[in-house]
Amino acid sequence: MSKPKRERSLPDNEAKAIGRSVRTSQYKLNRVVESIRGKPVEQALADLTFSPKRIASEVIKVLRAAIANAENNQNLDVDELVVAQAWTGKNMILKRFHARARGRGTRIEKPFSELTIIVREQAAEDKKAKTKSKAKRGGKPALAKKEAA
């Protein structure tokens with residue numbers, strides 16, 4: 001006997017990848033992750049490739065895993081994928097000892113984090129609808145007023 005098959009928690013047009021034990025604090029990791037939220041995956045990969053942050057290489061690995069999950073498991077079109085959600089969380093903390101003056105010691109904490117990335121296939125109709133809604137609003141009205149003046 002085996003367990004019953006678990007229901008899929010994500011919609012059919014989404015795929016997810018989780019990176020556990022990423023060796024940095026969640027706050028430093030979140031600074032890198034917030035730079036890719038809502039972007040197409042091609043642009044997100046390019047931004048991470050040229051990011052000066054050390055941890056960007058780990059984020060690239062998780063993003064590529066999410067893309068591979070979308071392509072192989074869900075049969076989604078890679079060219080239309082967008083980073084729908086990306087968040088970080090705490091994981092374990094290595095506790096180390098550092099000798100100090102007068103026989104004392106200080107605790108050194110080396111945090112680990114978790115990274116979750118969800119990619120979504122965005123249909124061409126959705127992209128057209130967004131551009132039409134921006135065109136109806138007139139794009140960026142504040143800039144247009146400044147240029148006219």
# chains A, B, ... in the order shown; residues from 1 in each chain; ligands from 1

call {"tool": "residues_around", "arguments": {"residues": "stretch 45-48 of chain A", "least_positions_apart": "3", "cutoff": "10 Å", "atoms": "only C-alpha atoms", "output": "PyMOL selection string"}}
result
chain A and resi 32-33+35-36+39-42+51-53+55-61+63-64

call {"tool": "write_last_selection", "arguments": {"atoms": "N, CA and C atoms", "output": "mmCIF file, in the first residue's frame"}}
result
data_model
loop_
_atom_site.group_PDB
_atom_site.id
_atom_site.type_symbol
_atom_site.label_atom_id
_atom_site.label_comp_id
_atom_site.auth_asym_id
_atom_site.auth_seq_id
_atom_site.Cartn_x
_atom_site.Cartn_y
_atom_site.Cartn_z
ATOM 1 N N VAL A 32 18.875 40.621 -3.044
ATOM 2 C CA VAL A 32 19.116 40.124 -4.400
ATOM 3 C C VAL A 32 17.806 39.646 -5.027
ATOM 4 N N VAL A 33 16.987 38.964 -4.243
ATOM 5 C CA VAL A 33 15.755 38.378 -4.764
ATOM 6 C C VAL A 33 14.752 39.457 -5.169
ATOM 7 N N SER A 35 15.264 42.116 -6.562
ATOM 8 C CA SER A 35 15.622 42.722 -7.847
ATOM 9 C C SER A 35 15.089 41.923 -9.040
ATOM 10 N N ILE A 36 14.604 40.680 -8.823
ATOM 11 C CA ILE A 36 14.111 39.878 -9.946
ATOM 12 C C ILE A 36 12.611 39.641 -9.907
ATOM 13 N N LYS A 39 9.906 40.072 -13.065
ATOM 14 C CA LYS A 39 10.612 40.214 -14.343
ATOM 15 C C LYS A 39 10.515 38.937 -15.164
ATOM 16 N N PRO A 40 10.628 39.052 -16.488
ATOM 17 C CA PRO A 40 10.744 37.839 -17.314
ATOM 18 C C PRO A 40 12.024 37.086 -16.934
ATOM 19 N N VAL A 41 12.008 35.769 -17.089
ATOM 20 C CA VAL A 41 13.131 34.964 -16.612
ATOM 21 C C VAL A 41 14.425 35.289 -17.349
ATOM 22 N N GLU A 42 14.357 35.640 -18.629
ATOM 23 C CA GLU A 42 15.574 35.992 -19.365
ATOM 24 C C GLU A 42 16.233 37.228 -18.758
ATOM 25 N N SER A 51 25.232 40.687 -11.423
ATOM 26 C CA SER A 51 25.086 41.261 -10.088
ATOM 27 C C SER A 51 26.415 41.163 -9.335
ATOM 28 N N PRO A 52 26.799 42.195 -8.601
ATOM 29 C CA PRO A 52 28.053 42.135 -7.850
ATOM 30 C C PRO A 52 27.955 41.317 -6.560
ATOM 31 N N LYS A 53 26.759 40.907 -6.180
ATOM 32 C CA LYS A 53 26.577 40.165 -4.930
ATOM 33 C C LYS A 53 27.046 38.723 -5.086
ATOM 34 N N ILE A 55 26.025 36.067 -3.514
ATOM 35 C CA ILE A 55 24.969 35.071 -3.393
ATOM 36 C C ILE A 55 24.122 34.974 -4.657
ATOM 37 N N ALA A 56 24.335 35.855 -5.622
ATOM 38 C CA ALA A 56 23.549 35.839 -6.858
ATOM 39 C C ALA A 56 23.719 34.521 -7.614
ATOM 40 N N SER A 57 24.877 33.894 -7.497
ATOM 41 C CA SER A 57 25.092 32.612 -8.187
ATOM 42 C C SER A 57 24.176 31.522 -7.628
ATOM 43 N N GLU A 58 23.906 31.548 -6.330
ATOM 44 C CA GLU A 58 22.981 30.572 -5.732
ATOM 45 C C GLU A 58 21.550 30.845 -6.184
ATOM 46 N N VAL A 59 21.191 32.116 -6.322
ATOM 47 C CA VAL A 59 19.848 32.463 -6.784
ATOM 48 C C VAL A 59 19.664 32.012 -8.233
ATOM 49 N N ILE A 60 20.729 32.121 -9.046
ATOM 50 C CA ILE A 60 20.666 31.656 -10.433
ATOM 51 C C ILE A 60 20.372 30.159 -10.474
ATOM 52 N N LYS A 61 21.005 29.381 -9.601
ATOM 53 C CA LYS A 61 20.786 27.933 -9.579
ATOM 54 C C LYS A 61 19.319 27.598 -9.294
ATOM 55 N N LEU A 63 16.703 29.624 -9.693
ATOM 56 C CA LEU A 63 15.871 30.110 -10.794
ATOM 57 C C LEU A 63 15.928 29.148 -11.982
ATOM 58 N N ARG A 64 17.116 28.641 -12.295
ATOM 59 C CA ARG A 64 17.232 27.670 -13.390
ATOM 60 C C ARG A 64 16.490 26.376 -13.066
#

call {"tool": "select_by_dssp", "arguments": {"residues": "chain A", "states": "strand (DSSP E)", "output": "PyMOL selection string"}}
result
chain A and resi 14-22+81-99+105-121

call {"tool": "residues_around", "arguments": {"residues": "A:Leu115", "least_positions_apart": "5", "cutoff": "8 Å", "atoms": "only C-alpha atoms", "output": "compact mmCIF listing (two decimals) with N, CA and C atoms, in the first residue's frame"}}
result
# COMPACT_ATOMS: atom_id res chain seq x y z
N ILE A 18 12.79 25.27 -4.75
CA ILE A 18 13.18 25.69 -3.41
C ILE A 18 14.66 25.41 -3.22
N GLY A 19 15.40 26.41 -2.75
CA GLY A 19 16.80 26.23 -2.40
C GLY A 19 16.95 26.26 -0.89
N ARG A 20 17.40 25.18 -0.34
CA ARG A 20 17.56 25.11 1.12
C ARG A 20 19.04 25.23 1.47
N VAL A 22 21.01 27.89 1.92
CA VAL A 22 21.78 28.89 1.19
C VAL A 22 22.61 29.64 2.22
N VAL A 59 21.19 32.12 -6.32
CA VAL A 59 19.85 32.46 -6.78
C VAL A 59 19.66 32.01 -8.23
N VAL A 62 18.74 28.29 -8.32
CA VAL A 62 17.35 28.02 -7.96
C VAL A 62 16.41 28.47 -9.08
N ALA A 86 8.92 35.33 -5.31
CA ALA A 86 10.23 34.90 -4.80
C ALA A 86 10.33 35.40 -3.37
N TRP A 87 10.63 34.50 -2.45
CA TRP A 87 10.76 34.92 -1.06
C TRP A 87 11.84 34.12 -0.37
N THR A 88 12.25 34.66 0.78
CA THR A 88 13.32 34.03 1.56
C THR A 88 12.80 33.69 2.94
N GLY A 89 13.52 32.81 3.62
CA GLY A 89 13.15 32.42 4.97
C GLY A 89 14.39 31.97 5.73

call {"tool": "atom_distance", "arguments": {"atom1": "atom CA of A:Lys16", "atom2": "atom CA of A:Val78"}}
result
13.6 Å

call {"tool": "select_by_dssp", "arguments": {"residues": "chain A", "states": "alpha helix (DSSP H)", "output": "ChimeraX atom specification"}}
result
/A:26-33,41-49,56-72,124-137,141-148

call {"tool": "write_last_selection", "arguments": {"atoms": "C-alpha atoms", "output": "mmCIF file, in the first residue's frame"}}
result
data_model
loop_
_atom_site.group_PDB
_atom_site.id
_atom_site.type_symbol
_atom_site.label_atom_id
_atom_site.label_comp_id
_atom_site.auth_asym_id
_atom_site.auth_seq_id
_atom_site.Cartn_x
_atom_site.Cartn_y
_atom_site.Cartn_z
ATOM 1 C CA GLN A 26 17.868 36.007 4.712
ATOM 2 C CA TYR A 27 18.119 39.796 4.673
ATOM 3 C CA LYS A 28 21.133 39.838 2.344
ATOM 4 C CA LEU A 29 19.479 37.209 0.162
ATOM 5 C CA ASN A 30 16.246 39.180 0.008
ATOM 6 C CA ARG A 31 18.090 42.227 -1.382
ATOM 7 C CA VAL A 32 19.116 40.124 -4.400
ATOM 8 C CA VAL A 33 15.755 38.378 -4.764
ATOM 9 C CA VAL A 41 13.131 34.964 -16.612
ATOM 10 C CA GLU A 42 15.574 35.992 -19.365
ATOM 11 C CA GLN A 43 15.954 39.456 -17.874
ATOM 12 C CA ALA A 44 16.157 38.047 -14.329
ATOM 13 C CA LEU A 45 18.975 35.674 -15.352
ATOM 14 C CA ALA A 46 20.837 38.539 -17.031
ATOM 15 C CA ASP A 47 20.465 40.760 -13.960
ATOM 16 C CA LEU A 48 21.709 38.007 -11.647
ATOM 17 C CA THR A 49 24.619 37.116 -13.925
ATOM 18 C CA ALA A 56 23.549 35.839 -6.858
ATOM 19 C CA SER A 57 25.092 32.612 -8.187
ATOM 20 C CA GLU A 58 22.981 30.572 -5.732
ATOM 21 C CA VAL A 59 19.848 32.463 -6.784
ATOM 22 C CA ILE A 60 20.666 31.656 -10.433
ATOM 23 C CA LYS A 61 20.786 27.933 -9.579
ATOM 24 C CA VAL A 62 17.347 28.015 -7.959
ATOM 25 C CA LEU A 63 15.871 30.110 -10.794
ATOM 26 C CA ARG A 64 17.232 27.670 -13.390
ATOM 27 C CA ALA A 65 15.727 24.785 -11.395
ATOM 28 C CA ALA A 66 12.328 26.517 -11.439
ATOM 29 C CA ILE A 67 12.620 27.044 -15.201
ATOM 30 C CA ALA A 68 13.542 23.377 -15.696
ATOM 31 C CA ASN A 69 10.589 22.286 -13.537
ATOM 32 C CA ALA A 70 8.266 24.453 -15.624
ATOM 33 C CA GLU A 71 9.596 23.073 -18.887
ATOM 34 C CA ASN A 72 9.880 19.383 -18.005
ATOM 35 C CA ALA A 124 0.674 36.843 -24.912
ATOM 36 C CA GLU A 125 -2.899 38.095 -24.347
ATOM 37 C CA ASP A 126 -2.023 39.103 -20.781
ATOM 38 C CA LYS A 127 0.993 41.069 -22.003
ATOM 39 C CA LYS A 128 -1.119 42.872 -24.605
ATOM 40 C CA ALA A 129 -3.775 43.715 -22.015
ATOM 41 C CA LYS A 130 -1.148 45.249 -19.713
ATOM 42 C CA THR A 131 0.309 47.410 -22.463
ATOM 43 C CA LYS A 132 -3.175 48.563 -23.517
ATOM 44 C CA SER A 133 -4.068 49.520 -19.945
ATOM 45 C CA LYS A 134 -0.848 51.559 -19.685
ATOM 46 C CA ALA A 135 -1.624 53.248 -22.986
ATOM 47 C CA LYS A 136 -5.118 54.172 -21.780
ATOM 48 C CA ARG A 137 -3.656 55.765 -18.677
ATOM 49 C CA PRO A 141 1.713 61.384 -16.766
ATOM 50 C CA ALA A 142 4.080 63.059 -14.310
ATOM 51 C CA LEU A 143 6.959 62.938 -16.783
ATOM 52 C CA ALA A 144 4.785 64.136 -19.653
ATOM 53 C CA LYS A 145 3.749 67.243 -17.673
ATOM 54 C CA LYS A 146 7.358 68.076 -16.838
ATOM 55 C CA GLU A 147 8.480 67.711 -20.454
ATOM 56 C CA ALA A 148 5.612 69.914 -21.690
#

call {"tool": "residues_around", "arguments": {"residues": "A:Gln122", "least_positions_apart": "5", "cutoff": "10 Å", "atoms": "only C-alpha atoms", "output": "PDB file with N, CA and C atoms, in the first residue's frame"}}
result
ATOM      1  N   ASN A  13      -0.290  26.675 -14.618  1.00  0.00           N
ATOM      2  CA  ASN A  13       0.641  27.529 -15.369  1.00  0.00           C
ATOM      3  C   ASN A  13       1.803  28.017 -14.498  1.00  0.00           C
ATOM      4  N   GLU A  14       2.043  27.380 -13.349  1.00  0.00           N
ATOM      5  CA  GLU A  14       3.138  27.782 -12.456  1.00  0.00           C
ATOM      6  C   GLU A  14       4.024  26.591 -12.109  1.00  0.00           C
ATOM      7  N   PRO A  40      10.628  39.052 -16.488  1.00  0.00           N
ATOM      8  CA  PRO A  40      10.744  37.839 -17.314  1.00  0.00           C
ATOM      9  C   PRO A  40      12.024  37.086 -16.934  1.00  0.00           C
ATOM     10  N   LEU A  76       5.519  23.998 -19.896  1.00  0.00           N
ATOM     11  CA  LEU A  76       5.285  25.422 -20.114  1.00  0.00           C
ATOM     12  C   LEU A  76       6.317  25.977 -21.084  1.00  0.00           C
ATOM     13  N   ASP A  77       5.966  27.058 -21.760  1.00  0.00           N
ATOM     14  CA  ASP A  77       6.861  27.709 -22.717  1.00  0.00           C
ATOM     15  C   ASP A  77       7.865  28.570 -21.951  1.00  0.00           C
ATOM     16  N   ASP A  79       9.940  30.788 -22.976  1.00  0.00           N
ATOM     17  CA  ASP A  79      10.054  32.177 -23.424  1.00  0.00           C
ATOM     18  C   ASP A  79       9.007  33.087 -22.799  1.00  0.00           C
ATOM     19  N   GLU A  80       7.924  32.507 -22.260  1.00  0.00           N
ATOM     20  CA  GLU A  80       6.860  33.320 -21.689  1.00  0.00           C
ATOM     21  C   GLU A  80       6.824  33.256 -20.172  1.00  0.00           C
ATOM     22  N   LEU A  81       7.878  32.746 -19.535  1.00  0.00           N
ATOM     23  CA  LEU A  81       7.900  32.633 -18.076  1.00  0.00           C
ATOM     24  C   LEU A  81       8.272  33.952 -17.427  1.00  0.00           C
ATOM     25  N   VAL A  82       7.625  34.219 -16.289  1.00  0.00           N
ATOM     26  CA  VAL A  82       7.883  35.414 -15.492  1.00  0.00           C
ATOM     27  C   VAL A  82       8.099  34.960 -14.055  1.00  0.00           C
ATOM     28  N   VAL A  83       8.984  35.634 -13.318  1.00  0.00           N
ATOM     29  CA  VAL A  83       9.183  35.339 -11.903  1.00  0.00           C
ATOM     30  C   VAL A  83       7.981  35.909 -11.161  1.00  0.00           C
ATOM     31  N   ALA A  84       7.010  35.048 -10.839  1.00  0.00           N
ATOM     32  CA  ALA A  84       5.773  35.499 -10.221  1.00  0.00           C
ATOM     33  C   ALA A  84       5.992  35.842  -8.750  1.00  0.00           C
ATOM     34  N   LYS A 127       0.010  40.018 -21.744  1.00  0.00           N
ATOM     35  CA  LYS A 127       0.993  41.069 -22.003  1.00  0.00           C
ATOM     36  C   LYS A 127       0.360  42.208 -22.795  1.00  0.00           C
TER      37      LYS A 127
END

call {"tool": "decode", "arguments": {"residues": "stretch 39-94 of chain A", "atoms": "C-alpha atoms", "output": "PDB file, in the first residue's frame"}}
result
ATOM      1  CA  LYS A  39      10.612  40.214 -14.343  1.00  0.00           C
ATOM      2  CA  PRO A  40      10.744  37.839 -17.314  1.00  0.00           C
ATOM      3  CA  VAL A  41      13.131  34.964 -16.612  1.00  0.00           C
ATOM      4  CA  GLU A  42      15.574  35.992 -19.365  1.00  0.00           C
ATOM      5  CA  GLN A  43      15.954  39.456 -17.874  1.00  0.00           C
ATOM      6  CA  ALA A  44      16.157  38.047 -14.329  1.00  0.00           C
ATOM      7  CA  LEU A  45      18.975  35.674 -15.352  1.00  0.00           C
ATOM      8  CA  ALA A  46      20.837  38.539 -17.031  1.00  0.00           C
ATOM      9  CA  ASP A  47      20.465  40.760 -13.960  1.00  0.00           C
ATOM     10  CA  LEU A  48      21.709  38.007 -11.647  1.00  0.00           C
ATOM     11  CA  THR A  49      24.619  37.116 -13.925  1.00  0.00           C
ATOM     12  CA  PHE A  50      26.011  40.638 -13.720  1.00  0.00           C
ATOM     13  CA  SER A  51      25.086  41.261 -10.088  1.00  0.00           C
ATOM     14  CA  PRO A  52      28.053  42.135  -7.850  1.00  0.00           C
ATOM     15  CA  LYS A  53      26.577  40.165  -4.930  1.00  0.00           C
ATOM     16  CA  ARG A  54      28.245  36.835  -4.102  1.00  0.00           C
ATOM     17  CA  ILE A  55      24.969  35.071  -3.393  1.00  0.00           C
ATOM     18  CA  ALA A  56      23.549  35.839  -6.858  1.00  0.00           C
ATOM     19  CA  SER A  57      25.092  32.612  -8.187  1.00  0.00           C
ATOM     20  CA  GLU A  58      22.981  30.572  -5.732  1.00  0.00           C
ATOM     21  CA  VAL A  59      19.848  32.463  -6.784  1.00  0.00           C
ATOM     22  CA  ILE A  60      20.666  31.656 -10.433  1.00  0.00           C
ATOM     23  CA  LYS A  61      20.786  27.933  -9.579  1.00  0.00           C
ATOM     24  CA  VAL A  62      17.347  28.015  -7.959  1.00  0.00           C
ATOM     25  CA  LEU A  63      15.871  30.110 -10.794  1.00  0.00           C
ATOM     26  CA  ARG A  64      17.232  27.670 -13.390  1.00  0.00           C
ATOM     27  CA  ALA A  65      15.727  24.785 -11.395  1.00  0.00           C
ATOM     28  CA  ALA A  66      12.328  26.517 -11.439  1.00  0.00           C
ATOM     29  CA  ILE A  67      12.620  27.044 -15.201  1.00  0.00           C
ATOM     30  CA  ALA A  68      13.542  23.377 -15.696  1.00  0.00           C
ATOM     31  CA  ASN A  69      10.589  22.286 -13.537  1.00  0.00           C
ATOM     32  CA  ALA A  70       8.266  24.453 -15.624  1.00  0.00           C
ATOM     33  CA  GLU A  71       9.596  23.073 -18.887  1.00  0.00           C
ATOM     34  CA  ASN A  72       9.880  19.383 -18.005  1.00  0.00           C
ATOM     35  CA  ASN A  73       7.112  18.804 -15.456  1.00  0.00           C
ATOM     36  CA  GLN A  74       4.440  21.272 -16.581  1.00  0.00           C
ATOM     37  CA  ASN A  75       5.273  21.622 -20.317  1.00  0.00           C
ATOM     38  CA  LEU A  76       5.285  25.422 -20.114  1.00  0.00           C
ATOM     39  CA  ASP A  77       6.861  27.709 -22.717  1.00  0.00           C
ATOM     40  CA  VAL A  78      10.179  28.972 -21.360  1.00  0.00           C
ATOM     41  CA  ASP A  79      10.054  32.177 -23.424  1.00  0.00           C
ATOM     42  CA  GLU A  80       6.860  33.320 -21.689  1.00  0.00           C
ATOM     43  CA  LEU A  81       7.900  32.633 -18.076  1.00  0.00           C
ATOM     44  CA  VAL A  82       7.883  35.414 -15.492  1.00  0.00           C
ATOM     45  CA  VAL A  83       9.183  35.339 -11.903  1.00  0.00           C
ATOM     46  CA  ALA A  84       5.773  35.499 -10.221  1.00  0.00           C
ATOM     47  CA  GLN A  85       6.910  35.168  -6.595  1.00  0.00           C
ATOM     48  CA  ALA A  86      10.226  34.904  -4.803  1.00  0.00           C
ATOM     49  CA  TRP A  87      10.755  34.919  -1.065  1.00  0.00           C
ATOM     50  CA  THR A  88      13.323  34.033   1.555  1.00  0.00           C
ATOM     51  CA  GLY A  89      13.155  32.424   4.971  1.00  0.00           C
ATOM     52  CA  LYS A  90      15.340  31.472   7.889  1.00  0.00           C
ATOM     53  CA  ASN A  91      17.087  28.144   8.149  1.00  0.00           C
ATOM     54  CA  MET A  92      19.636  26.808  10.630  1.00  0.00           C
ATOM     55  CA  ILE A  93      22.358  28.871  12.304  1.00  0.00           C
ATOM     56  CA  LEU A  94      25.882  27.574  12.871  1.00  0.00           C
TER      57      LEU A  94
END
